[in-house]
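File shown here: input22.txt, holding compact mmCIF, C-alpha atoms.
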# COMPACT_ATOMS: atom_id res chain seq x y z
CA HIS G 282 2.73 -28.98 25.48
CA LEU G 283 2.96 -32.47 27.03
CA ASP G 284 4.19 -35.44 25.00
CA ASN G 285 5.30 -38.81 26.42
CA GLY G 286 6.26 -37.36 29.75
CA HIS G 287 8.04 -34.31 28.30
CA GLY G 288 6.68 -30.83 28.73
CA THR G 289 7.37 -27.77 26.57
CA LEU G 290 6.41 -24.27 27.70
CA TYR G 291 5.90 -21.59 25.06
CA ARG G 292 5.80 -17.89 25.80
CA CYS G 293 3.99 -15.53 23.44
CA LEU G 294 5.91 -12.32 22.72
CA SER G 295 2.95 -10.32 21.50
CA GLY G 296 0.14 -11.38 23.84
CA THR G 297 -3.40 -11.65 22.50
CA ARG G 298 -2.85 -9.35 19.53
CA SER G 299 -1.70 -10.55 16.10
CA MET G 300 1.67 -9.04 15.23
CA HIS G 301 0.68 -8.29 11.62
CA LYS G 302 -1.48 -5.40 12.83
CA ARG G 303 0.15 -1.98 12.68
CA GLY G 304 -2.59 -0.17 14.61
CA TYR G 305 -3.64 2.30 11.93
CA ARG G 306 -6.83 0.60 10.73
CA SER G 307 -9.89 2.75 11.33
CA VAL G 308 -12.49 0.50 9.66
CA MET G 309 -11.83 -2.82 7.96
CA HIS G 310 -12.42 -2.64 4.21
CA PRO G 311 -14.09 -5.80 2.79
CA ALA G 312 -11.08 -6.55 0.57
CA SER G 313 -8.23 -5.17 2.69
CA LEU G 314 -4.93 -6.99 2.62
CA LYS G 315 -3.19 -7.75 5.89
CA GLU G 316 -0.54 -5.14 6.54
CA ASN G 317 2.33 -7.63 6.67
CA VAL G 318 1.22 -9.26 3.41
CA ALA G 319 1.15 -5.89 1.62
CA ALA G 320 4.61 -5.04 2.99
CA GLY G 321 5.96 -8.43 1.95
CA LEU G 322 4.65 -8.03 -1.60
CA LEU G 323 6.25 -4.59 -1.86
CA LEU G 324 9.56 -6.12 -0.82
CA VAL G 325 9.12 -8.91 -3.38
CA SER G 326 8.51 -6.29 -6.08
CA GLN G 327 11.96 -4.82 -5.31
CA TRP G 328 10.49 -1.33 -5.29
CA SER G 329 13.17 1.27 -4.57
CA PRO G 330 11.72 4.28 -2.70
CA ALA G 331 14.78 6.39 -3.55
CA THR G 332 14.58 5.87 -7.33
CA GLN G 333 11.02 4.78 -8.20
CA SER G 334 7.68 6.53 -7.80
CA LEU G 335 4.81 4.22 -6.81
CA CYS G 336 1.14 4.27 -7.80
CA ASP G 337 -1.88 2.19 -6.77
CA PRO G 338 -4.70 3.19 -9.15
CA MET G 339 -7.28 1.05 -7.26
CA CYS G 340 -6.05 1.55 -3.72
CA GLY G 341 -9.18 0.65 -1.72
CA SER G 342 -8.30 1.27 1.93
CA GLY G 343 -4.72 2.10 0.93
CA THR G 344 -2.74 -0.75 2.52
CA PHE G 345 -0.15 -0.83 -0.25
CA VAL G 346 0.54 2.91 -0.19
CA VAL G 347 0.58 3.20 3.62
CA GLU G 348 3.01 0.29 3.91
CA ALA G 349 5.09 1.79 1.09
CA ALA G 350 5.41 5.05 3.03
CA LEU G 351 6.43 3.17 6.17
CA ILE G 352 9.06 1.24 4.20
CA ALA G 353 10.35 4.46 2.61
CA LEU G 354 10.78 5.98 6.09
CA ASN G 355 12.38 2.73 7.33
CA ARG G 356 10.08 2.50 10.33
CA ALA G 357 10.17 -0.66 12.45
CA PRO G 358 6.68 -2.26 12.26
CA GLY G 359 6.63 -3.21 15.95
CA LEU G 360 7.51 0.29 17.10
CA GLN G 361 4.95 1.67 14.65
CA SER G 362 2.32 -0.50 16.35
CA MET G 363 3.34 0.73 19.79
CA GLY G 364 3.10 4.39 18.77
CA TYR G 365 6.79 5.27 19.10
CA TYR G 366 6.80 7.41 15.95
CA ALA G 367 3.65 9.39 16.61
CA SER G 368 5.01 12.07 18.93
CA ASN G 369 8.32 12.45 17.10
CA ASP G 370 7.06 12.64 13.53
CA ARG G 371 3.59 14.10 13.85
CA PRO G 372 3.10 16.49 16.81
CA ASN G 373 -0.60 16.84 16.01
CA TYR G 374 -1.10 13.13 15.45
CA ARG G 375 -4.40 11.98 16.93
CA GLN G 376 -3.64 9.30 19.50
CA VAL G 377 -6.10 6.44 19.26
CA GLN G 378 -6.98 4.81 22.56
CA ASP G 379 -8.83 1.70 21.35
CA ASN G 380 -7.32 -1.71 21.98
CA VAL G 381 -6.27 -2.19 18.35
CA SER G 382 -4.02 0.87 18.24
CA SER G 383 -2.51 0.96 21.72
CA TRP G 384 -0.47 -2.25 21.74
CA ASP G 385 1.33 -3.17 24.95
CA PRO G 386 3.18 -6.41 24.08
CA ALA G 387 3.22 -9.23 26.61
CA PHE G 388 7.03 -9.53 26.81
CA LYS G 389 7.28 -6.15 28.54
CA HIS G 390 5.53 -7.70 31.55
CA TRP G 391 7.78 -10.74 31.91
CA LEU G 392 9.89 -10.92 35.05
CA SER G 393 12.95 -11.42 32.83
CA PHE G 394 12.24 -8.25 30.81
CA ASP G 395 15.26 -5.91 30.80
CA GLU G 396 14.09 -2.31 30.38
CA LYS G 397 17.60 -1.02 29.71
CA VAL G 398 18.24 -3.50 26.89
CA TRP G 399 14.84 -2.68 25.39
CA GLU G 400 15.55 1.05 25.43
CA GLU G 401 18.88 0.45 23.69
CA GLU G 402 17.17 -1.58 20.96
CA VAL G 403 14.52 1.11 20.49
CA LYS G 404 17.19 3.79 20.27
CA GLU G 405 19.03 1.80 17.59
CA ALA G 406 15.83 1.30 15.57
CA MET G 407 15.05 5.02 15.80
CA SER G 408 18.51 5.87 14.51
CA LEU G 409 17.74 3.96 11.30
CA LEU G 410 14.88 6.27 10.29
CA LYS G 411 15.26 7.84 6.86
CA PRO G 412 13.95 11.13 5.44
CA PHE G 413 11.18 10.64 2.93
CA PRO G 414 12.61 10.41 -0.62
CA ALA G 415 11.73 12.82 -3.41
CA LYS G 416 9.91 10.13 -5.41
CA SER G 417 6.12 10.22 -4.96
CA ILE G 418 3.59 7.69 -3.68
CA VAL G 419 0.19 8.05 -5.35
CA ALA G 420 -3.14 6.50 -4.30
CA ASN G 421 -6.32 6.57 -6.37
CA ASP G 422 -9.75 4.99 -6.06
CA ARG G 423 -13.06 5.57 -7.78
CA TYR G 424 -15.06 5.37 -4.54
CA LYS G 425 -15.05 8.39 -2.25
CA GLY G 426 -15.63 6.20 0.80
CA SER G 427 -12.58 4.09 0.03
CA ILE G 428 -10.25 7.02 -0.61
CA ALA G 429 -11.48 8.71 2.60
CA MET G 430 -10.72 5.48 4.48
CA ALA G 431 -7.26 5.31 2.90
CA TYR G 432 -6.53 8.89 3.94
CA GLU G 433 -7.75 8.24 7.49
CA ASP G 434 -5.55 5.15 7.85
CA ALA G 435 -2.56 7.03 6.43
CA TYR G 436 -3.20 9.83 8.92
CA ARG G 437 -3.41 7.40 11.82
CA ALA G 438 -0.13 5.86 10.65
CA GLY G 439 1.45 9.32 10.50
CA VAL G 440 2.21 9.15 6.76
CA SER G 441 -0.65 11.08 5.11
CA ASP G 442 1.71 13.96 4.28
CA TYR G 443 3.79 11.61 2.12
CA ILE G 444 0.98 10.21 -0.07
CA GLN G 445 -0.99 11.95 -2.82
CA PHE G 446 -4.67 10.90 -2.83
CA PHE G 447 -6.99 11.06 -5.84
CA ASN G 448 -10.63 10.19 -6.45
CA GLU G 449 -11.04 9.07 -10.08
CA ASP G 450 -12.04 6.03 -12.07
CA ALA G 451 -8.81 4.19 -12.91
CA ARG G 452 -9.73 4.33 -16.60
CA ASP G 453 -9.76 8.13 -16.46
CA PHE G 454 -6.98 8.69 -13.93
CA PHE G 455 -3.89 10.38 -15.35
CA PRO G 456 -1.02 10.78 -12.82
CA ALA G 457 0.45 14.27 -12.92
CA LYS G 458 3.98 12.83 -12.96
CA ALA G 459 5.38 9.77 -14.65
CA VAL G 460 4.94 6.55 -12.66
CA ASP G 461 7.82 4.09 -12.31
CA MET G 462 5.99 1.23 -10.60
CA VAL G 463 2.34 0.24 -10.22
CA VAL G 464 1.28 -2.10 -7.40
CA VAL G 465 -2.41 -2.94 -7.31
CA ASN G 466 -4.92 -5.38 -5.87
CA PRO G 467 -7.99 -5.28 -8.16
CA PRO G 468 -11.27 -7.07 -7.25
CA TRP G 469 -11.38 -10.86 -7.62
CA ASP G 470 -15.20 -11.36 -7.47
CA VAL G 471 -14.75 -12.88 -4.01
CA ARG G 472 -14.94 -10.09 -1.42
CA LEU G 473 -15.64 -7.43 -4.05
CA GLY G 474 -17.49 -7.85 -7.34
CA GLY G 475 -16.85 -6.29 -10.73
CA ALA G 476 -13.56 -8.11 -11.32
CA ARG G 477 -13.76 -8.29 -15.11
CA GLU G 478 -14.57 -4.60 -15.52
CA SER G 479 -11.90 -3.59 -13.01
CA TRP G 480 -9.17 -5.51 -14.83
CA GLN G 481 -10.31 -3.93 -18.10
CA ASP G 482 -10.01 -0.49 -16.49
CA LEU G 483 -6.57 -1.44 -15.20
CA ARG G 484 -5.53 -2.44 -18.72
CA HIS G 485 -6.65 0.95 -20.02
CA PHE G 486 -4.77 2.75 -17.25
CA LEU G 487 -1.54 0.83 -17.84
CA LYS G 488 -1.57 1.11 -21.62
CA GLU G 489 -3.02 4.58 -22.04
CA LYS G 490 -2.06 6.58 -18.94
CA CYS G 491 1.39 5.30 -17.97
CA ARG G 492 4.28 7.03 -19.70
CA GLY G 493 7.66 5.50 -20.32
CA ASN G 494 8.66 2.02 -19.21
CA VAL G 495 6.63 1.02 -16.17
CA VAL G 496 6.79 -2.10 -14.02
CA ALA G 497 3.36 -3.24 -12.84
CA TRP G 498 2.56 -5.81 -10.15
CA ALA G 499 -1.04 -7.01 -9.78
CA LEU G 500 -2.38 -9.39 -7.14
CA SER G 501 -4.94 -11.80 -8.54
CA GLY G 502 -7.27 -14.31 -6.95
CA ASN G 503 -9.17 -14.78 -10.21
CA ILE G 504 -7.01 -15.84 -13.13
CA GLU G 505 -9.89 -15.51 -15.60
CA ALA G 506 -10.41 -11.87 -14.64
CA SER G 507 -6.68 -11.12 -14.86
CA ARG G 508 -6.71 -12.27 -18.50
CA GLU G 509 -8.65 -9.08 -19.24
CA LEU G 510 -5.28 -7.29 -19.14
CA ARG G 511 -4.44 -9.05 -22.42
CA MET G 512 -0.79 -8.97 -21.49
CA LYS G 513 1.67 -11.72 -20.77
CA SER G 514 3.13 -11.63 -17.29
CA GLU G 515 6.89 -11.70 -16.98
CA SER G 516 6.77 -13.64 -13.71
CA ASN G 517 4.19 -15.18 -11.37
CA ILE G 518 4.64 -15.48 -7.62
CA TYR G 519 2.23 -17.83 -5.87
CA LEU G 520 0.97 -17.36 -2.33
CA SER G 521 -1.81 -18.68 -0.11
CA TYR G 522 -3.96 -16.07 1.60
CA GLY G 523 -7.25 -16.41 3.42
CA GLY G 524 -7.73 -19.95 2.14
CA MET G 525 -7.17 -18.86 -1.47
CA GLU G 526 -4.36 -19.46 -3.91
CA LEU G 527 -3.22 -16.10 -5.28
CA ARG G 528 -0.77 -14.93 -7.91
CA PHE G 529 1.34 -11.80 -7.78
CA LEU G 530 1.81 -10.99 -11.45
CA LYS G 531 4.58 -8.83 -12.90
CA TYR G 532 4.21 -6.95 -16.18
CA ASN G 533 6.56 -4.67 -18.08
CA ILE G 534 4.45 -1.93 -19.64
CA VAL G 535 5.51 -0.21 -22.84
CA PRO G 536 2.90 2.43 -23.76
CA GLN G 537 1.30 2.39 -27.16
CA LYS G 538 2.68 4.95 -29.56
CA LYS G 539 0.30 7.72 -30.45
CA HIS G 540 0.57 10.63 -32.80
CA VAL G 541 -1.58 13.73 -32.92
CA GLU G 542 -0.93 15.95 -35.90
CA GLY G 543 0.59 19.26 -34.87
CA GLU G 544 1.46 18.34 -31.28
CA SER G 545 3.27 15.70 -29.28
CA TRP G 546 1.46 12.74 -27.79
CA PHE G 547 2.33 13.95 -24.27
CA ALA G 548 0.82 17.39 -24.90
CA ALA G 549 -2.27 15.90 -26.49
CA THR G 550 -3.00 13.48 -23.65
CA HIS G 551 -1.85 15.62 -20.75
CA ASN G 552 -4.10 18.62 -21.16
CA ASN G 553 -6.29 20.29 -18.54
CA ASN G 554 -9.16 17.86 -19.05
CA ASN G 555 -7.03 14.87 -18.02
CA ARG G 556 -5.65 16.11 -14.74
CA GLY G 557 -6.70 14.14 -11.71
CA ARG G 558 -8.77 15.31 -8.81
CA ARG G 559 -6.69 15.36 -5.66
CA VAL G 560 -8.44 14.79 -2.38
CA SER G 561 -7.53 15.33 1.23
CA GLY G 562 -9.72 13.28 3.52
CA LYS G 563 -13.34 13.32 2.40
CA LYS G 564 -13.20 16.54 0.40
CA ALA G 565 -12.23 16.52 -3.25
CA ASN G 566 -10.98 19.58 -5.07
CA ASN G 567 -9.74 20.30 -8.55
CA VAL G 568 -6.05 21.00 -8.21
CA PRO G 569 -4.15 22.99 -10.87
CA TRP G 570 -0.87 21.18 -11.36

Step by step, read the file and then write its structure as structure tokens.
Amino acid sequence: HLDNGHGTLYRCLSGTRSMHKRGYRSVMHPASLKENVAAGLLLVSQWSPATQSLCDPMCGSGTFVVEAALIALNRAPGLQSMGYYASNDRPNYRQVQDNVSSWDPAFKHWLSFDEKVWEEEVKEAMSLLKPFPAKSIVANDRYKGSIAMAYEDAYRAGVSDYIQFFNEDARDFFPAKAVDMVVVNPPWDVRLGGARESWQDLRHFLKEKCRGNVVAWALSGNIEASRELRMKSESNIYLSYGGMELRFLKYNIVPQKKHVEGESWFAATHNNNNRGRRVSGKKANNVPW
């Protein structure tokens, strides 16, 4: 950059590739969040992988749940992008050779690049890896194509073993275990339609299918649609994304009390007919819990 006789030279660390990309995308979903945005929102939510289970009942391509698994394992995003975890964590991991997945950052080709220092930094980052916690990560979507895409991306990221995938309408989806936190990005009627109906389904899921005290975070680009929840948000976090002004809304969910004569509410609502369909890849099977 030249300005009034002064020149400034900038060097790009990453090269031609955007650093927000992790390398696990197989196909871009119309409403996919950027990976770094999803990770940032999870951090804002203060989700604790060690103490809180996580559920996305409308997961789409699964960005929230994949990033949640990476956070739980404490993987460095840059090393994830360069494939450092593939051979160590998943021996049968399918290496992807396209230019999105095989990232060779520009700084490694600088004359000043110190290979020894880099190897020391990588070794330190690898030492910070954590075993996956006992708390579950659950992904659900009504569309088979979306849930298959979510599974594929999780597999490419090396975290499909740590996520439970289901193929149900959110209104009918009943998690097998109690959920501690819900993080979801329902349609806004911008990239995907059906926003009003989706937020109504989300309301039904939160009020009817979540047991105990649950914290829910919902990303909204359509404030009118989000009013279909008929709940008052505890806090609103504003962000700009893709030329839109969005809100990340927090709700504390207290389930409605129900009573069925002769049996507990849990037994009445958690019978065989309400158990979700778990899927692995593109095949869905009824799973006896």

So which residues touch range 356-358 of chain G within 12 Å, counting only C-alpha atoms, skipping near sequence neighbours fewer than 4 positions away, as a PDB file with C-alpha atoms, keeping the file's coordinate frame?
ATOM      1  CA  MET G 300       1.670  -9.040  15.230  1.00  0.00           C
ATOM      2  CA  HIS G 301       0.680  -8.290  11.620  1.00  0.00           C
ATOM      3  CA  LYS G 302      -1.480  -5.400  12.830  1.00  0.00           C
ATOM      4  CA  ARG G 303       0.150  -1.980  12.680  1.00  0.00           C
ATOM      5  CA  GLY G 304      -2.590  -0.170  14.610  1.00  0.00           C
ATOM      6  CA  TYR G 305      -3.640   2.300  11.930  1.00  0.00           C
ATOM      7  CA  GLU G 316      -0.540  -5.140   6.540  1.00  0.00           C
ATOM      8  CA  ASN G 317       2.330  -7.630   6.670  1.00  0.00           C
ATOM      9  CA  ALA G 320       4.610  -5.040   2.990  1.00  0.00           C
ATOM     10  CA  VAL G 347       0.580   3.200   3.620  1.00  0.00           C
ATOM     11  CA  GLU G 348       3.010   0.290   3.910  1.00  0.00           C
ATOM     12  CA  ALA G 349       5.090   1.790   1.090  1.00  0.00           C
ATOM     13  CA  ALA G 350       5.410   5.050   3.030  1.00  0.00           C
ATOM     14  CA  LEU G 351       6.430   3.170   6.170  1.00  0.00           C
ATOM     15  CA  ILE G 352       9.060   1.240   4.200  1.00  0.00           C
ATOM     16  CA  SER G 362       2.320  -0.500  16.350  1.00  0.00           C
ATOM     17  CA  MET G 363       3.340   0.730  19.790  1.00  0.00           C
ATOM     18  CA  GLY G 364       3.100   4.390  18.770  1.00  0.00           C
ATOM     19  CA  TYR G 365       6.790   5.270  19.100  1.00  0.00           C
ATOM     20  CA  TYR G 366       6.800   7.410  15.950  1.00  0.00           C
ATOM     21  CA  ALA G 367       3.650   9.390  16.610  1.00  0.00           C
ATOM     22  CA  ASP G 370       7.060  12.640  13.530  1.00  0.00           C
ATOM     23  CA  TRP G 384      -0.470  -2.250  21.740  1.00  0.00           C
ATOM     24  CA  GLU G 402      17.170  -1.580  20.960  1.00  0.00           C
ATOM     25  CA  VAL G 403      14.520   1.110  20.490  1.00  0.00           C
ATOM     26  CA  LYS G 404      17.190   3.790  20.270  1.00  0.00           C
ATOM     27  CA  GLU G 405      19.030   1.800  17.590  1.00  0.00           C
ATOM     28  CA  ALA G 406      15.830   1.300  15.570  1.00  0.00           C
ATOM     29  CA  MET G 407      15.050   5.020  15.800  1.00  0.00           C
ATOM     30  CA  SER G 408      18.510   5.870  14.510  1.00  0.00           C
ATOM     31  CA  LEU G 409      17.740   3.960  11.300  1.00  0.00           C
ATOM     32  CA  LEU G 410      14.880   6.270  10.290  1.00  0.00           C
ATOM     33  CA  LYS G 411      15.260   7.840   6.860  1.00  0.00           C
ATOM     34  CA  PRO G 412      13.950  11.130   5.440  1.00  0.00           C
ATOM     35  CA  PHE G 413      11.180  10.640   2.930  1.00  0.00           C
ATOM     36  CA  ALA G 438      -0.130   5.860  10.650  1.00  0.00           C
ATOM     37  CA  GLY G 439       1.450   9.320  10.500  1.00  0.00           C
ATOM     38  CA  VAL G 440       2.210   9.150   6.760  1.00  0.00           C
TER      39      VAL G 440
END

Restricting to only C-alpha atoms, whichever of G:Trp469, G:Met339, G:Ser417, G:Ala497 is closest to Leu323 in chain G is G:Ala497

Would you list the contacts of Ile418 in chain G as a list in words, taking every protein, DNA or RNA residue within 6 Å and counting all atoms listed in the file, but skipping same-chain residues closer than 4 positions in sequence?
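Here the qualifying residues turn out to be Ser334, Leu335, Cys336 and Ile444 of chain G.
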
Requested in this report: Write out as number ranges by chain each polymer residue whose atoms come within 12 Å of range 516-520 of chain G, counting all atoms listed in the file; drop sequence neighbours fewer than 6 positions from it.
Outcome: G: 318, 321-322, 325-326, 496-502, 504, 526-533

One residue among G:Ala506, G:Cys340, G:Leu354, G:Ala387 is nearest to Asp450 in chain G when using only C-alpha atoms, and that residue is G:Cys340

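In this comparison, which uses only C-alpha atoms, the residue of G:Tyr522, G:Tyr443, G:Tyr436, G:Phe454 approaching Arg423 in chain G most closely is G:Phe454.
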